[in-house]
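Next up, query32.pdb (PDB, C-alpha atoms, pLDDT in the B column):
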ATOM      1  CA  MET A   1      73.653  15.903-109.092  1.00 72.00           C
ATOM      2  CA  ARG A   2      70.435  14.276-110.193  1.00 75.00           C
ATOM      3  CA  THR A   3      69.493  13.684-106.566  1.00 78.00           C
ATOM      4  CA  LYS A   4      69.884  17.375-105.739  1.00 77.00           C
ATOM      5  CA  VAL A   5      67.732  18.393-108.709  1.00 75.00           C
ATOM      6  CA  LEU A   6      65.052  15.888-107.677  1.00 71.00           C
ATOM      7  CA  ILE A   7      65.095  17.184-104.105  1.00 79.00           C
ATOM      8  CA  VAL A   8      64.745  20.789-105.292  1.00 77.00           C
ATOM      9  CA  ILE A   9      61.849  19.858-107.610  1.00 80.00           C
ATOM     10  CA  MET A  10      60.081  17.809-104.908  1.00 74.00           C
ATOM     11  CA  THR A  11      60.469  20.641-102.395  1.00 76.00           C
ATOM     12  CA  ALA A  12      59.053  23.153-104.878  1.00 73.00           C
ATOM     13  CA  LEU A  13      56.087  20.898-105.672  1.00 70.00           C
ATOM     14  CA  THR A  14      55.409  20.283-101.989  1.00 71.00           C
ATOM     15  CA  LEU A  15      55.419  23.991-101.233  1.00 66.00           C
ATOM     16  CA  ALA A  16      53.186  24.681-104.220  1.00 64.00           C
ATOM     17  CA  ALA A  17      50.716  22.041-103.030  1.00 60.00           C
ATOM     18  CA  CYS A  18      50.554  23.652 -99.587  1.00 55.00           C
ATOM     19  CA  GLN A  19      49.623  26.989-101.135  1.00 52.00           C
ATOM     20  CA  GLN A  20      46.741  25.601-103.217  1.00 46.00           C
ATOM     21  CA  GLY A  21      44.377  25.430-100.229  1.00 46.00           C
ATOM     22  CA  GLN A  22      44.926  29.112 -99.623  1.00 48.00           C
ATOM     23  CA  ALA A  23      44.611  30.290-103.209  1.00 46.00           C
ATOM     24  CA  GLY A  24      41.226  31.970-102.729  1.00 47.00           C
ATOM     25  CA  SER A  25      41.928  33.434 -99.312  1.00 49.00           C
ATOM     26  CA  ASP A  26      43.214  36.904 -98.751  1.00 51.00           C
ATOM     27  CA  THR A  27      45.519  36.904 -95.754  1.00 52.00           C
ATOM     28  CA  THR A  28      45.243  40.685 -95.399  1.00 54.00           C
ATOM     29  CA  ALA A  29      41.434  40.665 -95.127  1.00 59.00           C
ATOM     30  CA  GLU A  30      40.068  41.029 -91.608  1.00 67.00           C
ATOM     31  CA  ARG A  31      37.547  38.402 -90.486  1.00 64.00           C
ATOM     32  CA  LEU A  32      34.410  40.046 -89.178  1.00 64.00           C
ATOM     33  CA  PRO A  33      31.524  38.493 -87.229  1.00 59.00           C
ATOM     34  CA  PRO A  34      28.166  38.289 -89.012  1.00 56.00           C
ATOM     35  CA  LYS A  35      25.922  41.309 -88.761  1.00 55.00           C
ATOM     36  CA  PRO A  36      23.108  41.022 -86.198  1.00 54.00           C
ATOM     37  CA  LEU A  37      19.590  40.479 -87.463  1.00 54.00           C
ATOM     38  CA  ILE A  38      18.454  43.608 -85.658  1.00 58.00           C
ATOM     39  CA  GLU A  39      20.778  46.540 -85.249  1.00 60.00           C
ATOM     40  CA  PRO A  40      21.070  47.385 -81.553  1.00 67.00           C
ATOM     41  CA  ILE A  41      19.731  50.770 -80.595  1.00 72.00           C
ATOM     42  CA  ASP A  42      21.200  52.449 -77.553  1.00 74.00           C
ATOM     43  CA  PRO A  43      18.241  53.524 -75.375  1.00 74.00           C
ATOM     44  CA  SER A  44      20.289  56.270 -73.736  1.00 80.00           C
ATOM     45  CA  LYS A  45      20.980  57.900 -77.117  1.00 81.00           C
ATOM     46  CA  ASP A  46      17.649  57.291 -78.850  1.00 80.00           C
ATOM     47  CA  PRO A  47      14.972  56.083 -76.401  1.00 81.00           C
ATOM     48  CA  VAL A  48      12.033  56.514 -78.800  1.00 83.00           C
ATOM     49  CA  SER A  49      13.620  54.368 -81.519  1.00 79.00           C
ATOM     50  CA  ALA A  50      14.668  51.776 -78.941  1.00 76.00           C
ATOM     51  CA  VAL A  51      11.089  51.439 -77.653  1.00 79.00           C
ATOM     52  CA  LYS A  52       9.727  51.223 -81.210  1.00 79.00           C
ATOM     53  CA  ALA A  53      12.289  48.562 -82.128  1.00 75.00           C
ATOM     54  CA  ARG A  54      11.438  46.532 -79.029  1.00 72.00           C
ATOM     55  CA  LYS A  55       7.694  46.747 -79.759  1.00 73.00           C
ATOM     56  CA  GLN A  56       8.322  45.614 -83.340  1.00 71.00           C
ATOM     57  CA  GLN A  57      10.503  42.778 -82.110  1.00 66.00           C
ATOM     58  CA  MET A  58       7.789  41.669 -79.670  1.00 65.00           C
ATOM     59  CA  ALA A  59       5.163  41.817 -82.433  1.00 60.00           C
ATOM     60  CA  ASP A  60       7.340  39.571 -84.613  1.00 57.00           C
ATOM     61  CA  GLU A  61       7.775  36.964 -81.874  1.00 62.00           C
ATOM     62  CA  VAL A  62       5.617  33.896 -82.267  1.00 68.00           C
ATOM     63  CA  ASN A  63       3.830  32.665 -79.181  1.00 84.00           C
ATOM     64  CA  LEU A  64       5.150  29.092 -79.179  1.00 87.00           C
ATOM     65  CA  SER A  65       3.517  28.361 -75.812  1.00 88.00           C
ATOM     66  CA  ALA A  66       0.055  29.139 -77.184  1.00 89.00           C
ATOM     67  CA  MET A  67       0.707  27.049 -80.293  1.00 91.00           C
ATOM     68  CA  ARG A  68       1.928  24.154 -78.157  1.00 92.00           C
ATOM     69  CA  ALA A  69      -1.141  24.376 -75.890  1.00 92.00           C
ATOM     70  CA  GLU A  70      -3.471  24.367 -78.903  1.00 93.00           C
ATOM     71  CA  ILE A  71      -1.772  21.275 -80.355  1.00 93.00           C
ATOM     72  CA  MET A  72      -1.788  19.411 -77.064  1.00 93.00           C
ATOM     73  CA  ALA A  73      -5.491  20.229 -76.612  1.00 92.00           C
ATOM     74  CA  LEU A  74      -6.255  18.786 -80.064  1.00 91.00           C
ATOM     75  CA  VAL A  75      -4.141  15.700 -79.429  1.00 91.00           C
ATOM     76  CA  GLY A  76      -5.843  15.196 -76.061  1.00 89.00           C
ATOM     77  CA  ASP A  77      -5.397  11.724 -74.610  1.00 88.00           C
ATOM     78  CA  ALA A  78      -4.615  10.190 -78.042  1.00 89.00           C
ATOM     79  CA  LYS A  79      -7.241   7.470 -77.583  1.00 91.00           C
ATOM     80  CA  ALA A  80      -7.239   4.589 -80.043  1.00 92.00           C
ATOM     81  CA  ASP A  81      -8.795   1.173 -80.587  1.00 92.00           C
ATOM     82  CA  ASN A  82      -5.589  -0.443 -81.861  1.00 92.00           C
ATOM     83  CA  VAL A  83      -1.916   0.493 -82.216  1.00 92.00           C
ATOM     84  CA  GLU A  84      -2.285   1.076 -85.981  1.00 92.00           C
ATOM     85  CA  GLN A  85      -4.240   4.242 -85.123  1.00 92.00           C
ATOM     86  CA  CYS A  86      -1.222   5.654 -83.247  1.00 92.00           C
ATOM     87  CA  ARG A  87       1.496   7.833 -84.798  1.00 93.00           C
ATOM     88  CA  VAL A  88       4.807   9.099 -83.452  1.00 94.00           C
ATOM     89  CA  VAL A  89       5.410  12.670 -84.590  1.00 95.00           C
ATOM     90  CA  GLY A  90       8.477  14.892 -84.179  1.00 94.00           C
ATOM     91  CA  PHE A  91       7.590  17.926 -82.074  1.00 94.00           C
ATOM     92  CA  GLY A  92       9.589  21.142 -81.892  1.00 93.00           C
ATOM     93  CA  SER A  93      12.984  21.822 -83.380  1.00 93.00           C
ATOM     94  CA  LYS A  94      16.480  21.590 -81.981  1.00 92.00           C
ATOM     95  CA  PRO A  95      18.839  24.380 -83.035  1.00 91.00           C
ATOM     96  CA  CYS A  96      21.146  21.860 -84.739  1.00 88.00           C
ATOM     97  CA  GLY A  97      18.195  20.333 -86.580  1.00 89.00           C
ATOM     98  CA  GLY A  98      15.808  17.500 -85.981  1.00 91.00           C
ATOM     99  CA  PRO A  99      12.890  17.268 -83.579  1.00 93.00           C
ATOM    100  CA  ALA A 100      13.275  18.417 -79.977  1.00 92.00           C
ATOM    101  CA  SER A 101      10.951  15.646 -78.796  1.00 92.00           C
ATOM    102  CA  TYR A 102       8.208  13.312 -79.975  1.00 94.00           C
ATOM    103  CA  ILE A 103       4.514  13.039 -79.191  1.00 94.00           C
ATOM    104  CA  ALA A 104       1.956  10.289 -79.731  1.00 94.00           C
ATOM    105  CA  VAL A 105      -0.998  11.210 -81.936  1.00 94.00           C
ATOM    106  CA  SER A 106      -4.102   9.146 -82.623  1.00 92.00           C
ATOM    107  CA  THR A 107      -5.866   8.993 -85.983  1.00 91.00           C
ATOM    108  CA  LYS A 108      -9.092   7.793 -84.363  1.00 88.00           C
ATOM    109  CA  GLY A 109     -10.621  11.252 -83.875  1.00 81.00           C
ATOM    110  CA  GLY A 110     -10.428  12.068 -87.587  1.00 81.00           C
ATOM    111  CA  ASN A 111      -8.578  15.367 -87.067  1.00 85.00           C
ATOM    112  CA  GLU A 112      -5.166  13.974 -87.990  1.00 88.00           C
ATOM    113  CA  THR A 113      -4.635  16.362 -90.931  1.00 90.00           C
ATOM    114  CA  GLU A 114      -5.449  19.404 -88.789  1.00 92.00           C
ATOM    115  CA  ILE A 115      -3.103  18.243 -86.026  1.00 93.00           C
ATOM    116  CA  MET A 116      -0.304  17.450 -88.480  1.00 93.00           C
ATOM    117  CA  ALA A 117      -0.673  20.873 -90.134  1.00 94.00           C
ATOM    118  CA  LEU A 118      -0.476  22.626 -86.758  1.00 94.00           C
ATOM    119  CA  ILE A 119       2.541  20.538 -85.737  1.00 94.00           C
ATOM    120  CA  GLY A 120       4.232  21.466 -89.022  1.00 94.00           C
ATOM    121  CA  LYS A 121       3.599  25.170 -88.345  1.00 93.00           C
ATOM    122  CA  TYR A 122       4.820  24.789 -84.765  1.00 93.00           C
ATOM    123  CA  ASN A 123       8.002  23.025 -85.867  1.00 94.00           C
ATOM    124  CA  SER A 124       8.697  25.725 -88.467  1.00 91.00           C
ATOM    125  CA  ALA A 125       8.046  28.496 -85.936  1.00 90.00           C
ATOM    126  CA  ALA A 126      10.318  26.812 -83.373  1.00 91.00           C
ATOM    127  CA  LYS A 127      13.073  26.492 -85.973  1.00 90.00           C
ATOM    128  CA  ALA A 128      12.696  30.147 -86.968  1.00 86.00           C
ATOM    129  CA  GLU A 129      12.778  31.209 -83.315  1.00 85.00           C
ATOM    130  CA  ASN A 130      15.963  29.198 -82.748  1.00 86.00           C
ATOM    131  CA  GLU A 131      17.578  30.917 -85.720  1.00 85.00           C
ATOM    132  CA  ARG A 132      16.322  34.363 -84.713  1.00 78.00           C
ATOM    133  CA  LEU A 133      17.698  34.004 -81.201  1.00 79.00           C
ATOM    134  CA  GLY A 134      20.904  32.321 -82.378  1.00 83.00           C
ATOM    135  CA  LEU A 135      20.354  29.388 -80.026  1.00 84.00           C
ATOM    136  CA  MET A 136      22.701  26.418 -79.850  1.00 86.00           C
ATOM    137  CA  SER A 137      22.188  22.916 -78.505  1.00 84.00           C
ATOM    138  CA  ASP A 138      24.109  19.756 -77.790  1.00 86.00           C
ATOM    139  CA  CYS A 139      23.238  18.480 -81.306  1.00 85.00           C
ATOM    140  CA  ALA A 140      22.379  15.082 -79.859  1.00 87.00           C
ATOM    141  CA  VAL A 141      19.920  13.094 -81.949  1.00 87.00           C
ATOM    142  CA  VAL A 142      16.685  12.458 -80.071  1.00 85.00           C
ATOM    143  CA  PRO A 143      15.879   8.803 -80.814  1.00 90.00           C
ATOM    144  CA  LYS A 144      12.408   8.146 -82.177  1.00 91.00           C
ATOM    145  CA  PRO A 145      10.493   6.145 -79.590  1.00 93.00           C
ATOM    146  CA  ALA A 146       8.074   3.350 -80.317  1.00 93.00           C
ATOM    147  CA  VAL A 147       4.366   3.692 -79.687  1.00 93.00           C
ATOM    148  CA  VAL A 148       2.288   1.230 -77.718  1.00 93.00           C
ATOM    149  CA  LEU A 149      -1.388   1.100 -76.839  1.00 92.00           C
ATOM    150  CA  GLN A 150      -1.941   1.109 -73.083  1.00 92.00           C
ATOM    151  CA  ASN A 151      -5.532   1.111 -71.795  1.00 92.00           C
ATOM    152  CA  GLY A 152      -6.777   2.530 -75.094  1.00 92.00           C
ATOM    153  CA  VAL A 153      -4.265   5.407 -75.141  1.00 93.00           C
ATOM    154  CA  CYS A 154      -1.321   5.823 -77.537  1.00 93.00           C
ATOM    155  CA  THR A 155       1.798   6.005 -75.381  1.00 93.00           C
ATOM    156  CA  LEU A 156       5.447   6.529 -76.280  1.00 93.00           C
ATOM    157  CA  LYS A 157       7.839   3.810 -75.199  1.00 89.00           C
ATOM    158  CA  GLU A 158      11.608   4.219 -75.128  1.00 77.00           C
ATOM    159  CA  GLY A 159      13.771   1.456 -76.563  1.00 62.00           C
ATOM    160  CA  GLY A 160      11.935   0.762 -79.788  1.00 51.00           C
ATOM    161  CA  GLU A 161      10.789  -2.811 -78.996  1.00 45.00           C
ATOM    162  CA  THR A 162       7.551  -2.213 -80.880  1.00 43.00           C
ATOM    163  CA  ALA A 163       7.210  -0.817 -84.367  1.00 43.00           C
ATOM    164  CA  ALA A 164       6.856   2.966 -84.504  1.00 44.00           C
ATOM    165  CA  TYR A 165       3.994   4.050 -86.759  1.00 43.00           C
TER     166      TYR A 165
END

Representation of the structure as structure tokens:
Amino acid sequence: MRTKVLIVIMTALTLAACQQGQAGSDTTAERLPPKPLIEPIDPSKDPVSAVKARKQQMADEVNLSAMRAEIMALVGDAKADNVEQCRVVGFGSKPCGGPASYIAVSTKGGNETEIMALIGKYNSAAKAENERLGLMSDCAVVPKPAVVLQNGVCTLKEGGETAAY
């Protein structure tokens, strides 16, 4: 008799424990996808609004190519006298987070703060663009390469044999 009572109590407790994970969920509620950032406008129904929305969307887009070109022009050849003047900096943004790639930057020219500020803006803009477009990636971590000085130029080296500055 005691065994049957224990089995009934254990069964009741087990079932109660299974229901705890679902306590806050409403099984009758329908799961809906998130709302889009921009409501789609059907050009066949409202062509004027569709054109206006597209123009606004294009005005909001950041020209990442121009920003990248400006940064690369400032970085130039990344010339340095010694490897301590070289820095490895994350460049871009993967949709899952982290840098998309790395670039070598030299502190020799004295414009390091300007370059770093522009890279920060570029990385933020790339992240915002990824979010705006709803992009996805493989979420692989891009390993930080080492930097070496070759013929007076800061160069990235895979494998990390040298210290990355």

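When the PyMOL selection byres ((chain A and resi 156) around 10) is evaluated on the file shown here, the picked residues come out as Cys86, Arg87, Val88, Tyr102, Ile103, Ala104, Val105, Lys144, Pro145, Ala146, Val147, Val148, Leu149, Gln150, Val153, Cys154, Thr155, Lys157, Glu158, Gly159, Gly160 and Ala164 of chain A.
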
Fewer than 3 positions away in the same chain doesn't count, so skip those; otherwise give me all residues within 8 Å of Asp81 of chain A, counting all atoms listed in the file, as a PyMOL selection string. chain A and resi 85+108+152

Around (-8.7, 12.3, -75.5) in the file's own coordinates, what residues are found within 10 Å if you use all atoms listed in the file, given back as a PyMOL selection string? chain A and resi 73-80+106+108-109+152-153

Hey, can you check how far atom CA of Lys94 of chain A sits from atom CA of Ile41 of chain A? 29.4 Å

One number please: atom CA of Asp138 of chain A to atom CA of Cys96 of chain A, in Å, one decimal.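 These atoms are spaced 7.8 Å apart.
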
Please determine, counting all atoms listed in the file, which residue among A:Glu70, A:Pro143, A:Asn151, A:Ala100 has the shortest atom-to-atom distance to Glu114 of chain A. A:Glu70

For a test of reading the model, state the distance in Å between atom CA of Ser137 of chain A and atom CA of Ala53 of chain A, rounded to one decimal.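 Atom-to-atom, atom CA of Ser137 of chain A to atom CA of Ala53 of chain A, that is 27.7 Å.
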
Neighbouring residues of segment 116-133 of chain A were defined as those with any atom within 8 Å, considering only C-alpha atoms; residues of the same chain fewer than 3 positions away were excluded. Please report them as a ChimeraX atom specification. /A:37,61-62,64,67-68,71,91-95,99,112-113,136

Write a file of the selected residues as a tab-separated table (two decimals), keeping the file's coordinate frame, keeping C-alpha atoms.
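Once everything was written out, this is part06.tsv:
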chain	number	residue	atom	x	y	z
A	37	LEU	CA	19.59	40.48	-87.46
A	61	GLU	CA	7.78	36.96	-81.87
A	62	VAL	CA	5.62	33.90	-82.27
A	64	LEU	CA	5.15	29.09	-79.18
A	67	MET	CA	0.71	27.05	-80.29
A	68	ARG	CA	1.93	24.15	-78.16
A	71	ILE	CA	-1.77	21.28	-80.36
A	91	PHE	CA	7.59	17.93	-82.07
A	92	GLY	CA	9.59	21.14	-81.89
A	93	SER	CA	12.98	21.82	-83.38
A	94	LYS	CA	16.48	21.59	-81.98
A	95	PRO	CA	18.84	24.38	-83.04
A	99	PRO	CA	12.89	17.27	-83.58
A	112	GLU	CA	-5.17	13.97	-87.99
A	113	THR	CA	-4.64	16.36	-90.93
A	136	MET	CA	22.70	26.42	-79.85

Would you compute the box with edges along x, y and z of the file around segment 94-110 of chain A, including every atom the file lists for it and 3 Å extra on each side, and give its centre and edge lengths in Å to one decimal, as JSON?
{"center_x": 5.3, "center_y": 16.1, "center_z": -83.2, "size_x": 37.8, "size_y": 22.6, "size_z": 14.8}
